[in-house]
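Here is input-v9.cif, consisting of mmCIF, C-alpha atoms and all ligand atoms:
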```cif
data_model
loop_
_atom_site.label_atom_id
_atom_site.label_comp_id
_atom_site.auth_asym_id
_atom_site.auth_seq_id
_atom_site.Cartn_x
_atom_site.Cartn_y
_atom_site.Cartn_z
CA MET A 263 21.08 -8.11 -2.32
CA ARG A 264 22.39 -4.89 -0.93
CA ILE A 265 21.11 -1.91 -2.89
CA VAL A 266 22.42 1.66 -2.91
CA SER A 267 21.09 4.67 -4.77
CA GLY A 268 21.08 8.41 -4.47
CA MET A 269 19.53 11.55 -5.92
CA ARG A 270 20.86 15.04 -6.10
CA PRO A 271 18.80 17.43 -3.97
CA SER A 272 16.53 19.05 -6.52
CA GLY A 273 13.86 20.04 -3.97
CA ARG A 274 10.27 19.03 -4.49
CA LEU A 275 9.81 16.12 -6.84
CA HIS A 276 7.32 15.74 -9.66
CA ILE A 277 5.39 12.84 -11.14
CA GLY A 278 8.22 12.21 -13.60
CA HIS A 279 10.22 10.94 -10.61
CA LEU A 280 7.61 8.31 -9.79
CA SER A 281 9.14 5.63 -12.01
CA VAL A 282 12.49 5.79 -10.20
CA LEU A 283 10.83 6.04 -6.80
CA GLY A 284 8.46 3.19 -7.63
CA ASN A 285 11.52 1.09 -8.35
CA TRP A 286 13.07 2.01 -4.99
CA ILE A 287 9.83 1.22 -3.18
CA ARG A 288 9.60 -2.20 -4.81
CA LEU A 289 13.24 -2.94 -3.98
CA GLN A 290 12.93 -2.00 -0.32
CA ALA A 291 10.36 -4.77 0.14
CA GLU A 292 12.89 -7.45 -0.72
CA HIS A 293 16.38 -6.13 -0.28
CA GLU A 294 18.63 -4.26 2.10
CA CYS A 295 18.42 -0.71 0.77
CA PHE A 296 20.43 2.46 1.32
CA PHE A 297 18.97 5.63 -0.21
CA PHE A 298 20.64 8.97 0.22
CA VAL A 299 20.51 12.60 -0.86
CA ALA A 300 23.70 13.36 -2.81
CA ASP A 301 24.29 16.83 -1.41
CA TRP A 302 28.02 16.84 -2.14
CA HIS A 303 27.14 16.13 -5.74
CA ALA A 304 24.99 19.26 -5.79
CA LEU A 305 28.14 21.25 -5.08
CA THR A 306 29.89 19.95 -8.19
CA THR A 307 27.75 22.18 -10.39
CA SER A 308 26.35 24.71 -7.88
CA PHE A 309 29.36 25.48 -5.73
CA ASP A 310 28.69 29.17 -6.31
CA ASN A 311 25.10 28.95 -5.14
CA THR A 312 24.66 26.65 -2.18
CA GLU A 313 21.89 28.52 -0.41
CA ALA A 314 19.11 26.12 -1.31
CA ILE A 315 20.89 22.79 -0.77
CA ARG A 316 19.70 22.17 2.80
CA GLU A 317 16.14 23.16 2.10
CA ASN A 318 16.08 21.10 -1.10
CA THR A 319 17.50 18.11 0.73
CA ARG A 320 14.71 18.21 3.29
CA GLU A 321 11.99 18.77 0.71
CA MET A 322 13.19 15.80 -1.26
CA VAL A 323 13.28 13.53 1.77
CA VAL A 324 9.72 14.60 2.67
CA ASP A 325 8.61 13.62 -0.83
CA TRP A 326 10.41 10.28 -0.62
CA LEU A 327 8.61 9.49 2.60
CA ALA A 328 5.29 10.77 1.28
CA VAL A 329 5.35 8.41 -1.72
CA GLY A 330 6.17 5.42 0.44
CA LEU A 331 9.87 5.08 1.02
CA SER A 332 9.93 3.56 4.47
CA PRO A 333 12.51 4.28 7.17
CA GLU A 334 11.67 0.88 8.69
CA ARG A 335 12.68 -0.91 5.53
CA SER A 336 15.31 1.38 4.04
CA THR A 337 18.24 3.31 5.42
CA ILE A 338 17.53 6.92 4.41
CA PHE A 339 20.25 9.49 4.93
CA VAL A 340 22.25 12.44 3.62
CA GLN A 341 25.57 11.83 1.87
CA SER A 342 27.49 14.59 3.64
CA HIS A 343 26.46 13.21 7.05
CA ILE A 344 28.68 10.19 6.40
CA PRO A 345 32.29 11.37 6.06
CA ALA A 346 33.36 7.92 4.85
CA HIS A 347 32.00 8.75 1.36
CA ALA A 348 34.54 11.56 1.14
CA GLU A 349 37.30 9.47 2.62
CA LEU A 350 36.80 6.61 0.19
CA HIS A 351 36.61 9.12 -2.65
CA LEU A 352 40.06 10.34 -1.63
CA ALA A 353 41.42 6.80 -1.53
CA PHE A 354 39.98 6.09 -4.99
CA SER A 355 41.42 9.32 -6.34
CA MET A 356 44.88 7.93 -5.60
CA VAL A 357 44.42 4.85 -7.76
CA THR A 358 42.21 6.07 -10.59
CA PRO A 359 43.93 7.18 -13.80
CA LEU A 360 42.87 10.65 -14.87
CA SER A 361 42.11 9.33 -18.35
CA TRP A 362 39.33 7.10 -16.96
CA LEU A 363 37.53 10.19 -15.68
CA GLU A 364 38.19 12.29 -18.75
CA ARG A 365 36.61 9.73 -21.02
CA VAL A 366 33.33 9.31 -19.08
CA PRO A 367 30.89 10.46 -21.79
CA THR A 368 28.72 12.54 -19.44
CA TYR A 369 31.79 14.56 -18.48
CA LYS A 370 32.51 16.04 -21.90
CA ASP A 371 28.82 16.53 -22.64
CA GLN A 372 28.18 18.45 -19.47
CA VAL A 373 31.30 20.59 -19.64
CA GLN A 374 30.24 21.59 -23.15
CA GLN A 375 26.58 22.10 -22.32
CA LEU A 376 27.19 24.13 -19.19
CA GLY A 377 30.09 25.91 -20.88
CA ALA A 378 27.69 27.04 -23.61
CA GLN A 379 25.45 28.48 -20.88
CA GLY A 380 28.42 30.47 -19.64
CA LYS A 381 29.13 28.27 -16.66
CA ASP A 382 32.71 27.19 -16.04
CA ILE A 383 32.85 23.80 -14.36
CA SER A 384 36.45 22.93 -15.06
CA THR A 385 36.90 22.04 -11.39
CA TYR A 386 38.66 19.13 -9.79
CA GLY A 387 35.41 18.14 -8.08
CA PHE A 388 33.36 18.03 -11.24
CA LEU A 389 35.84 15.75 -12.99
CA GLY A 390 35.68 13.54 -9.91
CA TYR A 391 31.86 13.43 -9.86
CA PRO A 392 31.63 9.79 -10.98
CA LEU A 393 34.44 8.80 -8.64
CA LEU A 394 32.55 10.23 -5.68
CA GLN A 395 29.55 8.32 -6.97
CA SER A 396 31.68 5.15 -7.04
CA ALA A 397 32.62 5.79 -3.42
CA ASP A 398 28.93 6.31 -2.52
CA ILE A 399 28.16 2.89 -3.87
CA LEU A 400 31.24 0.95 -2.82
CA VAL A 401 31.41 2.33 0.72
CA TYR A 402 28.38 0.06 1.35
CA ARG A 403 29.80 -2.75 -0.80
CA ALA A 404 26.57 -2.67 -2.80
CA ASP A 405 25.54 -5.47 -5.13
CA ALA A 406 23.22 -3.40 -7.26
CA VAL A 407 22.31 0.18 -8.01
CA PRO A 408 18.90 1.23 -9.36
CA VAL A 409 19.52 4.10 -11.78
CA GLY A 410 18.29 5.61 -14.99
CA GLN A 411 19.93 4.95 -18.35
CA ASP A 412 21.93 8.18 -18.14
CA GLN A 413 23.90 6.82 -15.19
CA LEU A 414 25.24 3.69 -16.91
CA PRO A 415 28.67 5.20 -17.73
CA HIS A 416 29.08 6.08 -14.05
CA LEU A 417 28.24 2.54 -13.01
CA GLU A 418 30.75 1.23 -15.54
CA LEU A 419 33.46 3.41 -13.99
CA CYS A 420 32.42 2.22 -10.53
CA ARG A 421 32.97 -1.39 -11.53
CA GLU A 422 36.35 -0.58 -13.06
CA VAL A 423 37.46 1.19 -9.90
CA ALA A 424 36.32 -1.75 -7.76
CA ARG A 425 38.19 -4.20 -10.00
CA ARG A 426 41.37 -2.16 -9.95
CA PHE A 427 41.33 -1.76 -6.19
CA ASN A 428 40.66 -5.47 -5.66
CA HIS A 429 43.54 -6.45 -7.98
CA MET A 430 46.00 -3.96 -6.64
CA TYR A 431 45.41 -4.62 -2.93
CA THR A 432 42.92 -7.08 -1.47
CA SER A 433 39.51 -8.00 -2.71
CA VAL A 434 37.21 -5.69 -0.77
CA PHE A 435 34.51 -4.68 -3.22
CA PRO A 436 31.81 -6.43 -5.26
CA GLU A 437 31.30 -5.17 -8.81
CA PRO A 438 27.82 -3.68 -8.52
CA LYS A 439 25.37 -4.09 -11.35
CA ALA A 440 22.91 -1.50 -12.59
CA LEU A 441 19.19 -2.10 -12.13
CA LEU A 442 17.66 -0.01 -14.88
CA ALA A 443 14.49 1.85 -14.00
CA LYS A 444 12.12 2.23 -16.90
CA SER A 445 12.58 5.85 -17.76
CA SER A 446 9.37 7.80 -17.50
CA LEU A 447 7.67 7.95 -20.88
CA LEU A 448 5.61 10.91 -19.79
CA PRO A 449 6.64 14.27 -21.13
CA GLY A 450 5.92 17.51 -19.31
CA VAL A 451 2.63 19.35 -19.89
CA ASP A 452 4.17 21.20 -22.85
CA GLY A 453 5.43 18.02 -24.50
CA ARG A 454 9.09 18.57 -23.64
CA LYS A 455 10.91 16.47 -21.02
CA MET A 456 9.30 17.02 -17.60
CA SER A 457 11.57 19.29 -15.61
CA LYS A 458 11.20 21.97 -12.99
CA SER A 459 13.48 24.22 -15.01
CA TYR A 460 10.90 24.26 -17.85
CA GLY A 461 7.98 24.84 -15.47
CA ASN A 462 6.14 22.00 -17.22
CA GLU A 463 6.09 19.61 -14.28
CA ILE A 464 3.28 18.24 -12.19
CA SER A 465 4.62 18.45 -8.70
CA LEU A 466 4.01 15.64 -6.22
CA SER A 467 3.17 18.15 -3.55
CA GLY A 468 1.30 20.91 -5.37
CA GLU A 469 -2.27 21.76 -4.52
CA GLN A 470 -5.24 20.47 -6.46
CA GLY A 471 -5.68 23.84 -8.13
CA ALA A 472 -2.07 23.81 -9.32
CA VAL A 473 -2.65 20.48 -11.04
CA GLU A 474 -5.81 21.79 -12.71
CA GLU A 475 -3.89 24.82 -13.91
CA LYS A 476 -1.07 22.73 -15.39
CA VAL A 477 -3.55 20.44 -17.12
CA ARG A 478 -5.37 23.44 -18.59
CA MET A 479 -2.08 24.50 -20.21
CA MET A 480 -1.75 21.23 -22.08
CA ILE A 481 -1.89 21.25 -25.85
CA THR A 482 -4.50 18.96 -27.40
CA ASP A 483 -5.18 17.82 -30.95
CA PRO A 484 -4.83 21.04 -33.00
CA ALA A 485 -7.26 19.69 -35.62
CA ARG A 486 -10.14 19.94 -33.18
CA ILE A 487 -11.69 23.35 -33.45
CA ARG A 488 -15.24 22.63 -32.46
CA LYS A 489 -16.14 20.39 -29.56
CA ASN A 490 -17.67 17.73 -31.78
CA ASP A 491 -14.86 17.55 -34.36
CA PRO A 492 -13.43 14.02 -34.36
CA GLY A 493 -10.15 13.96 -32.42
CA HIS A 494 -6.84 12.11 -32.75
CA PRO A 495 -5.81 10.95 -29.31
CA GLU A 496 -2.47 9.67 -30.61
CA VAL A 497 -1.25 13.24 -31.17
CA CYS A 498 -2.63 14.58 -27.90
CA ASN A 499 -0.53 14.94 -24.77
CA VAL A 500 -3.65 14.86 -22.56
CA PHE A 501 -4.32 11.40 -23.91
CA THR A 502 -0.75 10.29 -23.20
CA PHE A 503 -1.37 11.24 -19.58
CA HIS A 504 -4.76 9.52 -19.50
CA SER A 505 -3.05 6.37 -20.78
CA ALA A 506 -0.69 6.49 -17.83
CA TYR A 507 -3.16 7.36 -15.07
CA SER A 508 -6.76 6.69 -16.04
CA LEU A 509 -6.35 2.97 -16.72
CA ASP A 510 -10.00 1.79 -16.77
CA GLU A 511 -11.31 4.86 -18.54
CA VAL A 512 -8.79 4.96 -21.37
CA PRO A 513 -10.75 2.95 -24.00
CA GLU A 514 -13.86 5.07 -23.41
CA ILE A 515 -11.94 8.35 -23.60
CA GLU A 516 -10.24 7.24 -26.78
CA ALA A 517 -13.50 6.22 -28.44
CA ASP A 518 -15.33 9.38 -27.34
CA CYS A 519 -12.51 11.59 -28.59
CA ARG A 520 -12.43 9.91 -32.00
CA ALA A 521 -16.20 10.19 -32.26
CA GLY A 522 -16.20 13.84 -31.22
CA LYS A 523 -18.36 12.95 -28.22
CA ILE A 524 -16.14 14.53 -25.58
CA GLY A 525 -14.73 18.05 -25.68
CA CYS A 526 -11.15 18.84 -24.73
CA VAL A 527 -12.18 20.95 -21.76
CA ALA A 528 -14.18 18.09 -20.26
CA CYS A 529 -11.43 15.63 -21.12
CA LYS A 530 -8.88 17.75 -19.28
CA LYS A 531 -11.14 18.01 -16.27
CA ARG A 532 -11.24 14.24 -16.11
CA LEU A 533 -7.46 14.10 -16.26
CA ALA A 534 -7.11 16.64 -13.45
CA VAL A 535 -9.48 14.53 -11.35
CA ALA A 536 -7.47 11.38 -12.07
CA LEU A 537 -4.16 13.06 -11.23
CA ASN A 538 -5.54 14.65 -8.10
CA SER A 539 -6.96 11.40 -6.82
CA MET A 540 -3.58 9.76 -7.36
CA LEU A 541 -1.83 12.62 -5.54
CA ASP A 542 -4.30 13.04 -2.66
CA PRO A 543 -2.77 10.29 -0.52
CA VAL A 544 0.72 11.69 -1.19
CA ARG A 545 -0.44 15.15 -0.07
CA ALA A 546 -2.07 13.75 3.04
CA ARG A 547 1.05 11.83 3.97
CA ARG A 548 3.15 14.91 3.34
CA GLU A 549 0.97 16.98 5.69
CA GLN A 550 1.27 14.29 8.31
CA ILE A 551 5.07 14.22 7.99
CA LEU A 552 5.35 17.99 8.17
CA GLY A 553 2.96 18.03 11.14
CA ASP A 554 5.61 16.35 13.26
CA ARG A 555 8.44 18.85 13.33
CA ASP A 556 11.13 16.40 14.37
CA TYR A 557 10.11 13.47 12.24
CA VAL A 558 12.38 14.06 9.25
CA ASP A 559 15.38 14.86 11.45
CA GLY A 560 14.69 11.65 13.34
CA VAL A 561 14.58 9.60 10.15
CA LEU A 562 17.82 11.13 8.88
CA GLU A 563 19.59 10.64 12.21
CA GLU A 564 18.51 7.03 12.38
CA GLY A 565 19.70 6.58 8.79
CA ARG A 566 22.97 8.29 9.56
CA LYS A 567 23.70 5.86 12.36
CA LYS A 568 22.95 2.76 10.32
CA ALA A 569 24.84 4.00 7.25
CA ALA A 570 27.83 5.15 9.32
CA ALA A 571 28.14 1.73 10.96
CA GLU A 572 28.21 -0.06 7.60
CA ALA A 573 30.56 2.47 6.04
CA ALA A 574 32.93 2.13 9.00
CA LYS A 575 33.25 -1.61 8.36
CA THR A 576 34.24 -0.98 4.76
CA MET A 577 36.74 1.72 5.69
CA GLU A 578 38.34 -0.67 8.16
CA MET A 579 38.87 -3.12 5.29
CA VAL A 580 40.10 -0.36 3.00
CA ARG A 581 42.70 0.88 5.49
CA GLU A 582 43.84 -2.66 6.04
CA ALA A 583 44.11 -3.22 2.28
CA LEU A 584 46.02 0.05 1.78
CA ARG A 585 48.18 -0.51 4.85
CA ILE A 586 47.52 2.92 6.27
N1 LIG B 1 24.61 10.89 -10.21
C1 LIG B 1 23.29 10.48 -9.77
C2 LIG B 1 22.26 11.30 -10.56
O1 LIG B 1 22.53 12.39 -10.99
C3 LIG B 1 23.09 10.70 -8.31
C4 LIG B 1 23.99 9.82 -7.49
C5 LIG B 1 25.02 10.23 -6.71
C6 LIG B 1 23.89 8.41 -7.37
N2 LIG B 1 25.59 9.16 -6.10
C7 LIG B 1 24.94 8.05 -6.49
C8 LIG B 1 23.05 7.43 -7.93
C9 LIG B 1 25.16 6.69 -6.15
C10 LIG B 1 23.26 6.11 -7.58
C11 LIG B 1 24.32 5.76 -6.71
O2 LIG B 1 21.14 10.82 -10.70
FE1 LIG B 2 -7.02 15.12 -26.36
FE2 LIG B 2 -9.10 14.52 -24.85
FE3 LIG B 2 -9.23 16.56 -26.61
FE4 LIG B 2 -9.17 14.04 -27.46
S1 LIG B 2 -10.78 14.98 -26.24
S2 LIG B 2 -7.98 15.74 -28.30
S3 LIG B 2 -7.82 13.08 -25.95
S4 LIG B 2 -7.97 16.42 -24.82
#
```
Spit out the file's structure as structure tokens when you get a sec.
Ligand code: TRP
Ligand code: SF4
Amino acid sequence: MRIVSGMRPSGRLHIGHLSVLGNWIRLQAEHECFFFVADWHALTTSFDNTEAIRENTREMVVDWLAVGLSPERSTIFVQSHIPAHAELHLAFSMVTPLSWLERVPTYKDQVQQLGAQGKDISTYGFLGYPLLQSADILVYRADAVPVGQDQLPHLELCREVARRFNHMYTSVFPEPKALLAKSSLLPGVDGRKMSKSYGNEISLSGEQGAVEEKVRMMITDPARIRKNDPGHPEVCNVFTFHSAYSLDEVPEIEADCRAGKIGCVACKKRLAVALNSMLDPVRARREQILGDRDYVDGVLEEGRKKAAAEAAKTMEMVREALRI
């Protein structure tokens, strides 16, 4: 299968991103994969504040490489480096009824949400967000797209656009299917969804001390006042994290907590150790990547070439189909 997926450049990633990235890493072992940073998509909501896009793009690529995305197996690149995404978006904009875009559920939600925060995104580009996404996918004639649940409406639109184009002109595009990543069940350290904007994230690239600090902030079972009060791991966020990362030790931690044999401070220390030992190899790899100043540019240039060659083939077919 040919696989395509992208992420908006949010800068440094956190452990909540590991489920999506784990999916990508598994897929690259068996399929032809294209993974890109959707920097044009960042402009749809941040067109008035573009200062950080380049830096965030790089940081994100460094994290991808540090967790194991491999430039030997996958084509890794930046959306805006391949003009064919924009060109195909324009072609699709000619054939896509406005009503299809207006009824994408994420559109209304976001306009409302961001509108409530005082941000006006009634732009042409924002309405076209999922159409650009369709072009991202179809410019490589992808068979499948690994995404989170929230992206399903965009994938549905992508298939509709492919179908319409194929019927109206010549059959150029497959109708790509979604490969759903299990969404991360882990909340942030404060129990809300893990997100940099809440400051409750555990960054993939933070120092050991930063992880310890975040773990210290975590709320435990409020019924435990003294160290030897019996605890209720099922209501404790620290335990949720242990369940995800401390595999072998989980039964013991659970039993000790219920019996009041382990205090929350000690329990948190164990969690910080578990998280840090998971992140140590990622940090080391990150250092190694950053140690070679030209490495990331090299990866992105290599990716650009491979992606551009594939995109050019599609655009040839598209021009032929459109007779332009
Ligand atoms: N919209 C996606 C998101 O916010 C990012 C994205 C852009 C994407 N283009 C894509 C995902 C193409 C998959 C395929 O997560
Ligand atoms: Fe949570 Fe651990 Fe304290 Fe039990 S001992 S309440 S699992 S932090």
Long-range neighbours of segment 420-437 of chain A as a PyMOL selection string, 10 Å cut-off, only C-alpha atoms, 4 positions minimum in chain: chain A and resi 353-355+357-359+362+392-406+414-416+576-577+579-580+582-585
Within 7 Å of segment 299-303 of chain A using only C-alpha atoms, minus same-chain residues under 3 positions, as a CSV table (one decimal) with C-alpha atoms, keeping the file's coordinate frame:
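As a result, out00.csv now contains:
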```csv
chain,number,residue,atom,x,y,z
A,268,GLY,CA,21.1,8.4,-4.5
A,269,MET,CA,19.5,11.6,-5.9
A,270,ARG,CA,20.9,15.0,-6.1
A,271,PRO,CA,18.8,17.4,-4.0
A,306,THR,CA,29.9,20.0,-8.2
A,315,ILE,CA,20.9,22.8,-0.8
A,319,THR,CA,17.5,18.1,0.7
A,339,PHE,CA,20.2,9.5,4.9
A,340,VAL,CA,22.2,12.4,3.6
A,341,GLN,CA,25.6,11.8,1.9
A,342,SER,CA,27.5,14.6,3.6
A,391,TYR,CA,31.9,13.4,-9.9
```
Around ligand LIG 2 (chain B), out to 12 Å and counting only C-alpha atoms and all ligand atoms, which residues are there? I want them as a PyMOL selection string. chain A and resi 477-505+508+511-534
Given all atoms listed in the file as the counted atoms, nearest of A:Leu376, A:Trp326, A:Ala569, A:Gly284 to His347 of chain A: A:Ala569
Please provide the set of residues having any atom within 10 Å of Gly450 of chain A, restricted to all atoms listed in the file, with same-chain residues fewer than 6 positions apart removed, written as a list of chain:residue names. A:His276, A:Ile277, A:Gly278, A:Met456, A:Ser457, A:Lys458, A:Tyr460, A:Gly461, A:Asn462, A:Glu463, A:Ile464, A:Lys476, A:Met480, A:Asn499, A:Phe503
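Of the residues listed (A:Ala443, A:Cys295, A:Val409, A:Ile287), A:Val409 shows the shortest atom-to-atom separation from ligand LIG 1 (chain B); distances use all atoms listed in the file.
Residue nearest Leu283 of chain A within the list A:Asp556, A:Glu418, A:Glu317, A:Asp325: A:Asp325 [criterion: smallest interatomic distance, all atoms listed in the file].
Counting all atoms listed in the file, the residue from A:Asp542, A:Asp412, A:Glu474, A:Glu549 that sits nearest to ligand LIG 1 (chain B) is A:Asp412.
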Pick from A:Leu305, A:Ala571, A:Leu389, A:Leu327: nearest to Trp286 of chain A, with all atoms listed in the file counted? A:Leu327
Subset file as a compact mmCIF listing (two decimals), in the first residue's frame: segment 271-291 of chain A, N, CA, C and O atoms:
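Wrote selection.txt, looks like this:
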```
# COMPACT_ATOMS: atom_id res chain seq x y z
N PRO A 271 2.63 21.74 11.97
CA PRO A 271 3.87 21.98 12.74
C PRO A 271 3.59 22.59 14.11
O PRO A 271 3.48 23.80 14.24
N SER A 272 3.48 21.73 15.11
CA SER A 272 3.18 22.26 16.45
C SER A 272 4.45 22.37 17.28
O SER A 272 4.39 22.62 18.47
N GLY A 273 5.63 22.16 16.67
CA GLY A 273 6.87 22.26 17.43
C GLY A 273 7.19 20.95 18.10
O GLY A 273 6.90 19.89 17.56
N ARG A 274 7.76 21.03 19.29
CA ARG A 274 8.17 19.81 19.97
C ARG A 274 6.97 18.96 20.35
O ARG A 274 5.96 19.48 20.82
N LEU A 275 7.09 17.68 20.17
CA LEU A 275 5.98 16.77 20.43
C LEU A 275 6.03 16.27 21.87
O LEU A 275 7.03 16.44 22.57
N HIS A 276 4.92 15.68 22.31
CA HIS A 276 4.88 15.12 23.65
C HIS A 276 4.45 13.65 23.59
O HIS A 276 4.12 13.15 22.51
N ILE A 277 4.44 13.00 24.75
CA ILE A 277 4.20 11.56 24.73
C ILE A 277 2.79 11.22 24.26
O ILE A 277 2.55 10.09 23.84
N GLY A 278 1.88 12.18 24.28
CA GLY A 278 0.55 11.95 23.72
C GLY A 278 0.60 11.68 22.21
O GLY A 278 -0.32 11.09 21.65
N HIS A 279 1.68 12.13 21.55
CA HIS A 279 1.80 11.91 20.11
C HIS A 279 2.35 10.51 19.77
O HIS A 279 2.39 10.13 18.61
N LEU A 280 2.76 9.79 20.83
CA LEU A 280 3.44 8.51 20.55
C LEU A 280 2.53 7.48 19.91
O LEU A 280 3.00 6.61 19.18
N SER A 281 1.20 7.56 20.16
CA SER A 281 0.35 6.54 19.56
C SER A 281 0.27 6.72 18.04
O SER A 281 0.35 5.76 17.29
N VAL A 282 0.15 7.98 17.60
CA VAL A 282 0.13 8.25 16.16
C VAL A 282 1.49 7.91 15.54
O VAL A 282 1.57 7.24 14.50
N LEU A 283 2.55 8.34 16.20
CA LEU A 283 3.89 8.09 15.64
C LEU A 283 4.22 6.60 15.63
O LEU A 283 4.84 6.10 14.71
N GLY A 284 3.76 5.90 16.67
CA GLY A 284 3.98 4.45 16.72
C GLY A 284 3.32 3.79 15.52
O GLY A 284 3.89 2.88 14.89
N ASN A 285 2.16 4.26 15.18
CA ASN A 285 1.45 3.76 14.01
C ASN A 285 2.26 4.00 12.73
O ASN A 285 2.42 3.12 11.90
N TRP A 286 2.77 5.21 12.60
CA TRP A 286 3.58 5.55 11.41
C TRP A 286 4.80 4.64 11.33
O TRP A 286 5.16 4.15 10.27
N ILE A 287 5.44 4.43 12.50
CA ILE A 287 6.67 3.65 12.51
C ILE A 287 6.39 2.20 12.13
O ILE A 287 7.13 1.58 11.37
N ARG A 288 5.27 1.67 12.61
CA ARG A 288 4.89 0.31 12.20
C ARG A 288 4.62 0.25 10.70
O ARG A 288 5.03 -0.68 10.01
N LEU A 289 3.92 1.26 10.19
CA LEU A 289 3.55 1.24 8.77
C LEU A 289 4.77 1.33 7.85
O LEU A 289 4.80 0.71 6.79
N GLN A 290 5.77 2.11 8.28
CA GLN A 290 6.92 2.30 7.38
C GLN A 290 7.70 0.99 7.18
O GLN A 290 8.46 0.86 6.21
N ALA A 291 7.52 0.03 8.09
CA ALA A 291 8.22 -1.24 7.94
C ALA A 291 7.64 -2.07 6.80
O ALA A 291 8.33 -2.92 6.24
```
